[in-house]
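To start, the structure under review is shown below, and the notes come after it.
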Amino acid sequence: MCFKNKPRIFTWTLDGHKLEQVNQIKYLGVVFQQNAGRAAHMRMVADSAKCSVVAINRFFRTRGAGFIPAALKLYSAKVIPQLLYGIQLGPYANFDMLERIQSGFLRAIFGTTRCTSNVTLRMEAGLIKIESRAWLLIIYFWLRVHLRLVGLIPQFLSLNPQPQWCTVVSKKLAALGIDPEQLLELDLSNAKRIVKQRLADIELQNNQASLTEFYKGVRTRWDLSPANYLSHITLSKFRWAFTRARTNSFPSALLAGRYSGVPLEERYCRCGSGEIESIEHILLSCKLHRQPREHLILPLVCKQTDRSAEQLVKYLLSDKNVLNFNSVAKFCYIAFKMYNENL
Ligand SMILES: [Zn+2]
């Protein structure tokens with residue numbers, strides 16, 4: 001009997017020594033499979049990246065003092081190279097396993113639950129998808145191969161039919177709206193700049209389509225840099241409260257109702273006003289927070305008389321003005337403490 005999906009066993013010898021036939025082998029840190037697939041290599045890079053994420057999270061909660069920019073620097077220097085090791089050989093069929101590692105890391109350092117989407121966390125941190133980064137490296141490598149014809153590269157490129165790797169990259173470039181032939185007429189640095197810009201533009205477009213209107217309202221810049229407040233609110237408890245308010249996932253009756261199945265129109269605040277406990281209500285009108293509001297919020301909005309309540313919330317939760325967001329972050333933390341104490 002012969003199973004179709006089982007590799008055929010051969011007897012190999014070299015100088016009289018029997019060679020073992022294996023399904024996969026690791027060479028220079030890359031796992032090669034007998035069927036030319038990439039799943040085994042992806043699992044290996046995912047495992048090593050997970051270990052680094054655990055170590056960074058531990059540092060973040062101890063000596064890192066909950067400072068997100070430091071954790072992001074470590075992540076970019078250590079975890080991303082691990083996730084993308086050997087990616088130049090070609091993309092994976094599915095990047096979900098690697099995207100989950102990035103999302104899990106962001107969720108841990110921001111201290112958010114599932115109610116905040118992965119795309120929102122990436123925008124806050126100024127990170128792009130692992131898949132986009134992977135394509136950037138693959139196309140850079142493709143450019144170097146074509147623009148620096150040394151060694152066996154000319155023979156490789158003249159193979160007929162064309163190597164599958166070249167076909168895959170050409171298709172991706174076409175999907176990005178870039179003509180491979182025209183790209184190769186440029187010098188390496190210009191060609192790389194164009195590819196990087198196109199991938200960033202597409203990432204931003206896709207993000208914009210997925211983000212909530214609330215988050216788009218508090219976002220002051222539309223680029224892929226981390227939110228300004230992350231570097232300026234140094235106390236992690238204040239920064240955490242501000243993130244939760246900005247991402248519309250502030251602990252409240254509104255949020256709790258999403259999990260307990262309470263209808264939206266019945267998620268009332270405990271203050272007895274009969275209003276839903278939204279972030280707008282907490283920041284602007286809830287009588288439970290009147291005292292901290294007088295010191296921390298009213299001085300910021302007293303001259304904004306022409307703005308609607310919705311516009312005031314966006315103004316208060318934006319990351320433009322350091323003094324503003326530090327005050328709002330402190331207010332949010334006090335409001336959270338009160339909510340938590342009365343649960
Ligand atoms: Zn209230």
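Each chain in the structure tokens gets a letter, A, B, ..., in the order shown, and its residues are numbered from 1; ligands are numbered from 1 in order too.
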
Write out as a compact mmCIF listing (two decimals) with C-alpha atoms, in the first residue's frame which residues come within 12 Å of Gly177 (chain A) when counting only C-alpha atoms, dropping same-chain ones fewer than 6 positions away.
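Writing the result to result.txt gives the following:
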# COMPACT_ATOMS: atom_id res chain seq x y z
CA SER A 170 5.88 40.40 -9.94
CA LYS A 171 2.23 39.63 -9.15
CA LEU A 183 10.75 49.95 -11.16
CA ILE A 194 8.66 54.08 -4.06
CA VAL A 195 7.84 50.59 -2.79
CA ARG A 198 3.16 52.57 -1.77
CA LEU A 199 2.97 49.90 0.94
CA ASP A 201 -0.20 54.33 1.60
CA ILE A 202 -2.10 51.07 1.15

Can I get the residues close to ligand 1 as a PyMOL selection string, where close means within 12 Å and we count only C-alpha atoms and all ligand atoms?
-> chain A and resi 252-254+267-290+335+338-339

Return the single residue from A:Ala71, A:Val328, A:Met44, A:Cys51 that is closest to Val30 (chain A), with distances computed using only C-alpha atoms.
->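 The answer is A:Met44, which sits nearest to Val30 (chain A).
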
For Asn207 (chain A), work out the shell of residues within 12 Å, counting only C-alpha atoms and skipping chain neighbours fewer than 4 positions away, then give it as a ChimeraX atom specification.
-> /A:117-124,126-129,200-203,211-213,215-216,222-224

For the residues selected in the previous step, produce a file with C-alpha atoms as a PDB file, in the first residue's frame.
ATOM      1  CA  SER A 117      -9.407  46.322  17.530  1.00  0.00           C
ATOM      2  CA  ASN A 118      -5.939  45.250  16.406  1.00  0.00           C
ATOM      3  CA  VAL A 119      -5.854  47.988  13.783  1.00  0.00           C
ATOM      4  CA  THR A 120      -6.503  50.667  16.444  1.00  0.00           C
ATOM      5  CA  LEU A 121      -3.635  49.354  18.560  1.00  0.00           C
ATOM      6  CA  ARG A 122      -1.303  49.291  15.554  1.00  0.00           C
ATOM      7  CA  MET A 123      -2.197  52.884  14.739  1.00  0.00           C
ATOM      8  CA  GLU A 124      -1.586  53.965  18.352  1.00  0.00           C
ATOM      9  CA  GLY A 126       2.748  53.323  14.815  1.00  0.00           C
ATOM     10  CA  LEU A 127       3.242  49.758  13.617  1.00  0.00           C
ATOM     11  CA  ILE A 128       2.276  48.182  10.316  1.00  0.00           C
ATOM     12  CA  LYS A 129       1.100  44.626   9.721  1.00  0.00           C
ATOM     13  CA  ALA A 200       2.536  52.597   3.611  1.00  0.00           C
ATOM     14  CA  ASP A 201      -0.203  54.329   1.602  1.00  0.00           C
ATOM     15  CA  ILE A 202      -2.099  51.066   1.154  1.00  0.00           C
ATOM     16  CA  GLU A 203      -1.701  50.195   4.829  1.00  0.00           C
ATOM     17  CA  LEU A 211     -11.161  52.138  12.099  1.00  0.00           C
ATOM     18  CA  THR A 212     -14.170  53.447  13.975  1.00  0.00           C
ATOM     19  CA  GLU A 213     -15.388  56.997  13.361  1.00  0.00           C
ATOM     20  CA  TYR A 215     -11.034  56.841  16.748  1.00  0.00           C
ATOM     21  CA  LYS A 216     -10.657  58.707  13.459  1.00  0.00           C
ATOM     22  CA  TRP A 222      -2.702  60.438   9.443  1.00  0.00           C
ATOM     23  CA  ASP A 223       0.651  58.745   9.277  1.00  0.00           C
ATOM     24  CA  LEU A 224       2.264  55.627  10.666  1.00  0.00           C
TER      25      LEU A 224
END

Nearest to Ile68 (chain A): which of A:Arg38, A:Lys26, A:Arg239, A:Arg244 is it, counting only C-alpha atoms?
->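 Of A:Arg38, A:Lys26, A:Arg239, A:Arg244, the one nearest Ile68 (chain A), counting only C-alpha atoms, is A:Arg239.
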
Give the answer as one residue: which of A:Ile139, A:Met42, A:Trp240, A:Pro163 has the shortest atom-to-atom distance to Arg107 (chain A), using only C-alpha atoms?
->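 Of A:Ile139, A:Met42, A:Trp240, A:Pro163, the one nearest Arg107 (chain A) is A:Trp240, counting only C-alpha atoms.
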
Where does DSSP see helix (DSSP H, G or I) in region 91-278 of chain A, if you list the residues as a ChimeraX atom specification?
-> /A:96-110,118-125,130-147,153-157,164-175,180-184,188-210,213-218,229-232,236-246,253-260,264-266

From the list A:Glu310, A:Gln182, A:Lys196, A:Phe331, which residue is nearest Glu294 (chain A) when using only C-alpha atoms?
-> A:Phe331

Distance in Å - CA of Val301 (chain A) versus CA of Tyr315 (chain A) =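 Atom-to-atom, CA of Val301 (chain A) and CA of Tyr315 (chain A) are spaced 8.8 Å apart.
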
Please measure the separation of CA of Arg246 (chain A) and CA of Arg258 (chain A), giving the value in Å to one decimal.
->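 Atom-to-atom, CA of Arg246 (chain A) and CA of Arg258 (chain A) are spaced 17.6 Å apart.
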
State, in Å with one decimal place, the distance from CA of Ser76 (chain A) to CA of Asp47 (chain A).
->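 Between CA of Ser76 (chain A) and CA of Asp47 (chain A) the gap is 16.7 Å.
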
For Tyr27 (chain A), the nearest of the candidates A:Thr305, A:His41, A:Ser225, A:Ala125, counting only C-alpha atoms =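 Comparing A:Thr305, A:His41, A:Ser225, A:Ala125 against Tyr27 (chain A), the winner is A:His41.
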
Would you mind listing what lies within 12 Å of Gly104 (chain A) as number ranges by chain, with only C-alpha atoms counted and same-chain residues fewer than 5 positions away left out?
-> A: 49-50, 53-54, 57, 96-99, 109-114, 116-118, 121-122

Nearest to His146 (chain A) by atom-to-atom distance, counting only C-alpha atoms, from A:Asn94, A:Thr234, A:Ser158, A:Asn342 =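 Closest to His146 (chain A), using only C-alpha atoms: A:Ser158.
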
Near Val22 (chain A), counting only C-alpha atoms, which residues have an atom at most 10 Å away, once you skip same-chain residues fewer than 2 positions from it, shown as a PDB file with C-alpha atoms, in the first residue's frame?
ATOM      1  CA  PRO A   7       7.168  11.154   0.721  1.00  0.00           C
ATOM      2  CA  ILE A   9      11.673   6.745   0.841  1.00  0.00           C
ATOM      3  CA  LEU A  19      22.334   9.247   4.516  1.00  0.00           C
ATOM      4  CA  GLU A  20      19.197   9.790   6.543  1.00  0.00           C
ATOM      5  CA  GLN A  24      12.746  19.030   7.014  1.00  0.00           C
ATOM      6  CA  ILE A  25      16.153  20.453   7.757  1.00  0.00           C
ATOM      7  CA  GLN A  33      10.620  21.331   4.066  1.00  0.00           C
ATOM      8  CA  GLN A  34      10.573  18.366   1.707  1.00  0.00           C
TER       9      GLN A  34
END
